[in-house]
Each structure stands twice: as C-alpha cells, then as structure tokens.
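**Student:** Next comes final.csv, CSV, C-alpha atoms:
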```csv
chain,number,residue,atom,x,y,z
A,1,VAL,CA,25.2,-81.8,-10.1
A,2,ASP,CA,21.5,-80.7,-10.0
A,3,GLY,CA,20.1,-83.7,-8.1
A,4,PRO,CA,16.4,-83.0,-8.6
A,5,LYS,CA,16.9,-82.4,-12.4
A,6,ALA,CA,18.9,-85.7,-12.7
A,7,ALA,CA,16.2,-87.5,-10.7
A,8,ALA,CA,13.5,-86.0,-13.0
A,9,ASP,CA,15.4,-87.1,-16.1
A,10,ILE,CA,15.7,-90.6,-14.8
A,11,LEU,CA,12.1,-90.9,-13.7
A,12,LYS,CA,10.9,-89.6,-17.1
A,13,ARG,CA,12.4,-92.6,-18.7
A,14,CYS,CA,10.8,-95.1,-16.3
A,15,GLY,CA,7.3,-96.4,-16.4
A,16,ALA,CA,4.5,-94.5,-14.9
A,17,SER,CA,4.0,-97.0,-12.0
A,18,LEU,CA,7.7,-96.9,-11.0
A,19,GLU,CA,7.6,-93.1,-11.2
A,20,ARG,CA,4.5,-93.0,-9.0
A,21,ASN,CA,6.0,-95.5,-6.5
A,22,VAL,CA,9.3,-93.5,-6.2
A,23,LEU,CA,7.6,-90.2,-5.8
A,24,ASP,CA,5.0,-91.5,-3.4
A,25,ARG,CA,7.8,-92.8,-1.2
A,26,MET,CA,9.7,-89.6,-1.5
A,27,ASP,CA,6.5,-87.7,-0.5
A,28,ALA,CA,6.6,-89.5,2.8
A,29,GLN,CA,10.2,-88.4,3.6
A,30,ALA,CA,10.9,-85.2,1.5
A,31,PRO,CA,7.6,-83.8,0.1
A,32,GLU,CA,9.2,-80.5,-1.1
A,33,LEU,CA,11.8,-82.4,-3.0
A,34,ALA,CA,9.2,-84.8,-4.5
A,35,GLU,CA,7.2,-81.8,-5.7
A,36,LYS,CA,10.3,-80.1,-7.2
A,37,ILE,CA,11.0,-83.3,-9.1
A,38,ARG,CA,7.4,-83.5,-10.4
A,39,ASP,CA,7.7,-79.8,-11.5
A,40,LEU,CA,10.8,-80.6,-13.5
A,41,MET,CA,9.3,-83.8,-15.1
A,42,PHE,CA,6.4,-82.0,-16.7
A,43,THR,CA,6.4,-78.3,-17.4
A,44,PHE,CA,3.9,-75.9,-19.0
A,45,ALA,CA,5.9,-76.1,-22.2
A,46,ASP,CA,5.3,-79.9,-22.2
A,47,LEU,CA,1.6,-79.2,-22.9
A,48,ASP,CA,2.7,-79.2,-26.5
A,49,LYS,CA,3.2,-83.0,-26.2
A,50,LEU,CA,-0.5,-83.6,-25.5
A,51,THR,CA,-2.9,-84.5,-28.3
A,52,ASP,CA,-5.4,-81.9,-29.4
A,53,ARG,CA,-8.2,-83.7,-27.6
A,54,GLU,CA,-6.2,-83.9,-24.4
A,55,LEU,CA,-5.3,-80.3,-24.7
A,56,GLN,CA,-9.0,-79.4,-25.1
A,57,ILE,CA,-9.8,-81.3,-21.9
A,58,VAL,CA,-7.0,-79.4,-20.0
A,59,LEU,CA,-8.3,-76.1,-21.4
A,60,GLN,CA,-11.8,-76.8,-20.3
A,61,GLU,CA,-10.7,-77.8,-16.8
A,62,ALA,CA,-8.2,-74.9,-16.2
A,63,ASP,CA,-9.2,-71.6,-14.8
A,64,GLN,CA,-9.5,-69.0,-17.7
A,65,LYS,CA,-7.6,-66.4,-15.7
A,66,ASP,CA,-4.8,-68.9,-15.1
A,67,LEU,CA,-4.7,-69.6,-18.8
A,68,VAL,CA,-4.3,-66.0,-19.8
A,69,ILE,CA,-1.5,-65.4,-17.4
A,70,SER,CA,0.2,-68.7,-18.4
A,71,MET,CA,-0.1,-67.9,-22.1
A,72,LYS,CA,1.6,-64.6,-21.5
A,73,ALA,CA,4.8,-66.4,-20.4
A,74,CYS,CA,4.9,-69.3,-23.0
A,75,SER,CA,6.3,-69.5,-26.5
A,76,GLU,CA,4.3,-68.1,-29.3
A,77,ASP,CA,4.0,-71.5,-30.9
A,78,LEU,CA,2.4,-73.0,-27.8
A,79,ARG,CA,0.2,-70.0,-27.3
A,80,GLN,CA,-1.2,-70.4,-30.9
A,81,ARG,CA,-1.7,-74.2,-30.3
A,82,LEU,CA,-3.6,-73.5,-27.1
A,83,LEU,CA,-5.8,-70.8,-28.8
A,84,GLN,CA,-6.5,-73.1,-31.7
A,85,ASN,CA,-7.9,-75.7,-29.3
A,86,LEU,CA,-10.4,-73.3,-27.9
A,87,SER,CA,-13.9,-72.5,-29.1
A,88,ALA,CA,-14.0,-69.3,-31.2
A,89,GLU,CA,-15.8,-67.4,-28.5
A,90,THR,CA,-13.3,-68.5,-25.8
A,91,ARG,CA,-10.4,-67.9,-28.1
A,92,SER,CA,-11.6,-64.3,-28.8
A,93,PHE,CA,-12.2,-63.6,-25.1
A,94,LEU,CA,-8.8,-64.9,-24.0
A,95,SER,CA,-7.0,-63.1,-26.9
A,96,GLU,CA,-8.5,-59.8,-25.7
A,97,GLU,CA,-7.6,-60.5,-22.1
A,98,LEU,CA,-4.1,-61.3,-23.1
A,99,LYS,CA,-3.8,-58.0,-25.0
A,100,HIS,CA,-4.9,-56.1,-21.9
A,101,LEU,CA,-3.0,-58.0,-19.3
A,102,ALA,CA,-0.5,-55.8,-17.4
A,103,THR,CA,3.1,-56.7,-17.2
A,104,MET,CA,4.2,-59.0,-14.4
A,105,ARG,CA,7.2,-60.8,-13.0
A,106,LEU,CA,8.1,-64.0,-14.9
A,107,SER,CA,8.2,-65.8,-11.5
A,108,GLU,CA,4.5,-64.8,-11.0
A,109,ALA,CA,3.5,-66.2,-14.4
A,110,GLU,CA,5.5,-69.4,-13.8
A,111,GLU,CA,3.7,-69.9,-10.5
A,112,VAL,CA,0.3,-69.7,-12.3
A,113,GLN,CA,1.7,-72.1,-15.0
A,114,SER,CA,2.5,-74.5,-12.1
A,115,ARG,CA,-1.1,-74.5,-11.1
A,116,VAL,CA,-2.2,-75.5,-14.6
A,117,VAL,CA,0.5,-78.2,-14.7
A,118,LYS,CA,-0.7,-79.6,-11.3
A,119,ARG,CA,-4.2,-79.8,-12.8
A,120,VAL,CA,-2.8,-81.7,-15.8
A,121,ARG,CA,-1.2,-84.2,-13.4
A,122,GLN,CA,-4.6,-84.6,-11.6
A,123,LEU,CA,-6.3,-85.2,-15.0
A,124,GLU,CA,-3.6,-87.9,-15.7
A,125,GLN,CA,-4.4,-89.6,-12.4
A,126,GLN,CA,-8.1,-89.6,-13.4
A,127,GLY,CA,-7.2,-91.2,-16.7
A,128,LYS,CA,-8.4,-88.2,-18.8
A,129,VAL,CA,-5.0,-87.3,-20.3
A,130,THR,CA,-1.7,-89.1,-20.9
A,131,ILE,CA,1.5,-87.3,-20.2
A,132,VAL,CA,4.2,-88.4,-22.7
A,133,ARG,CA,7.4,-89.0,-20.8
A,134,ASP,CA,9.6,-90.6,-23.5
A,135,ASP,CA,12.1,-87.8,-24.5
A,136,THR,CA,14.4,-90.3,-26.3
A,137,GLY,CA,13.2,-89.4,-29.8
A,138,THR,CA,11.1,-92.5,-30.2
A,139,VAL,CA,8.5,-92.0,-32.9
A,140,TRP,CA,5.0,-93.2,-32.0
A,141,VAL,CA,2.4,-94.0,-34.6
```
Could you show the structure in this file as structure tokens?

**Tutor:**
Amino acid sequence: VDGPKAAADILKRCGASLERNVLDRMDAQAPELAEKIRDLMFTFADLDKLTDRELQIVLQEADQKDLVISMKACSEDLRQRLLQNLSAETRSFLSEELKHLATMRLSEAEEVQSRVVKRVRQLEQQGKVTIVRDDTGTVWV
C-alpha cells in the first residue's frame, strides 16, 4: 500500500486545522515524508478547483517562466482556463512563449509545477486562496 498516498487521501477529508496539525508534527519527525504528502494532497491539476478570482491571484503571484513550463505539461482544459484568467497582453505573451518552448523531460516540468503549487499553499496560509479538499462529490452552492 502506498502509505503517503493513503495519508494524503485521509488528510484531504479532514479539516484544515487537523491537516495542518498532523503535517506540522510530521515535519518535526519526517520532513521529507510530510512534503511528499503535501505534494499528493494538492497538485497542479487541482488548480482547476480554484475560483477564477483565486486563480487570477495565483497567476499574478507565480513567476511567468514557471507558468509557461507548467502549462506545457498540464491538460489542455486547464491550460485554456489558466490563459482565460490572464490579461490579454499576458495571455498573448505566454501563448507565444509556450509555442517556442523547447521540449523537456516531464519530470523537469513537474518540478516547476511543484514550485507553483508551493506558492499556492503559501497563498492559502496568507488567506488569499482556499484550497478545496473535499473530493467526495459534495456540491457546494
């Protein structure tokens, strides 16, 4: 059984304060494991769960070079949603950069995506975005 994946799945269903408490304690004893669990709990693909306004905040805060590389390795639907939440000028610039970006290893692109995700987690701690953790199919209105 993949322990970190199971732990991430369980923590995603807990409240944010319990999640933070568990991961903080884990940081003290096994920081690499805690980081791996955090990485499994919220991925670059999960940006699609953010509201448009939150996505705009993330896009403003993220490095443009990181965004281009991250978009190269994400789904077309997510790429289009990201581009739609940018100003016309920035969208045009990033689209051009994306067209001219050289091929790279997927692992390199995923590493860059990880940096963007870490920034999202920082923005959540600052109260600027809310990461939706409920994957149970609950409908929110």

**Student:** Please measure the separation of CA of Leu86 in chain A and CA of Arg121 in chain A, giving the value in Å to one decimal.

**Tutor:**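 Spanning CA of Leu86 in chain A to CA of Arg121 in chain A is a straight-line distance of 20.3 Å.
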
**Student:** Could you give me, as a count of residues only, the residues within 9 Å of Asp46 in chain A, counting all atoms listed in the file and dropping anything in the same chain fewer than 4 positions from it?

**Tutor:** 4

**Student:** In file coordinates, which residues lie within 10 Å of (11.0, -89.5, -5.5) using only C-alpha atoms, given as a compact mmCIF listing (two decimals) with C-alpha atoms, in the coordinates of the input?

**Tutor:**
```txt
# COMPACT_ATOMS: atom_id res chain seq x y z
CA PRO A 4 16.40 -83.00 -8.60
CA ALA A 7 16.20 -87.50 -10.70
CA ALA A 8 13.50 -86.00 -13.00
CA LEU A 11 12.10 -90.90 -13.70
CA LEU A 18 7.70 -96.90 -11.00
CA GLU A 19 7.60 -93.10 -11.20
CA ARG A 20 4.50 -93.00 -9.00
CA ASN A 21 6.00 -95.50 -6.50
CA VAL A 22 9.30 -93.50 -6.20
CA LEU A 23 7.60 -90.20 -5.80
CA ASP A 24 5.00 -91.50 -3.40
CA ARG A 25 7.80 -92.80 -1.20
CA MET A 26 9.70 -89.60 -1.50
CA ASP A 27 6.50 -87.70 -0.50
CA ALA A 28 6.60 -89.50 2.80
CA GLN A 29 10.20 -88.40 3.60
CA ALA A 30 10.90 -85.20 1.50
CA PRO A 31 7.60 -83.80 0.10
CA LEU A 33 11.80 -82.40 -3.00
CA ALA A 34 9.20 -84.80 -4.50
CA GLU A 35 7.20 -81.80 -5.70
CA LYS A 36 10.30 -80.10 -7.20
CA ILE A 37 11.00 -83.30 -9.10
CA ARG A 38 7.40 -83.50 -10.40
```

**Student:** Measure the distance from CA of Val129 in chain A to CA of Glu61 in chain A in Å and round it to one decimal.

**Tutor:**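 Interatomic distance, CA of Val129 in chain A to CA of Glu61 in chain A: 11.6 Å.
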
**Student:** With all atoms listed in the file as the basis for distance, which of A:Asp52, A:Asp39, A:Glu89, A:Leu82 is at the shortest distance from Leu67 in chain A?

**Tutor:** A:Leu82

**Student:** Could you check how far CA of Glu110 in chain A sits from CA of Gln80 in chain A, in Å to one decimal?

**Tutor:** 18.4 Å

**Student:** With a distance cut-off of 9 Å and all atoms listed in the file, select the neighbouring residues of Ile69 in chain A, excluding the residue or stretch itself and same-chain residues fewer than 6 positions from it, and output the selection as a PyMOL selection string.

**Tutor:** chain A and resi 98+101+108-110+112-113

**Student:** Of the candidates A:Ile57, A:Ala45, A:Asn85, A:Asp9, which one gets nearest to Glu124 in chain A if we count all atoms listed in the file?

**Tutor:**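 Nearest candidate to Glu124 in chain A out of A:Ile57, A:Ala45, A:Asn85, A:Asp9: A:Ile57.
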
**Student:** Considering only C-alpha atoms, can you say which of A:Leu47, A:Leu55, A:Ile10, A:Ala88 comes closest to Cys74 in chain A?

**Tutor:**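 The closest residue to Cys74 in chain A is A:Leu47.
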
**Student:** Fewer than 4 positions away in the same chain doesn't count, so skip those; otherwise give me all residues within 10 Å of Leu83 in chain A, counting all atoms listed in the file, as a VMD selection string.

**Tutor:** chain A and resid 56 59 71 78 to 79 87 to 88 90 to 92 94 to 95

**Student:** Pick out the closest residue to Arg119 in chain A from this set: A:Val58, A:Ala102, A:Val68, A:Met41. Count all atoms listed in the file.

**Tutor:**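 Among the listed residues, A:Val58 lies closest to Arg119 in chain A.
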
**Student:** Which is closer to Ser107 in chain A than all the others in A:Cys14, A:Ala6, A:Ala73, A:Val120, using all atoms listed in the file?

**Tutor:**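 Using all atoms listed in the file, Ser107 in chain A sits closest to A:Ala73.
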
**Student:** Taking only C-alpha atoms into account, which of A:Asp77, A:Thr130, A:Lys72, A:Gln84 comes nearest Arg105 in chain A?

**Tutor:**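 Comparing A:Asp77, A:Thr130, A:Lys72, A:Gln84 against Arg105 in chain A, the winner is A:Lys72.
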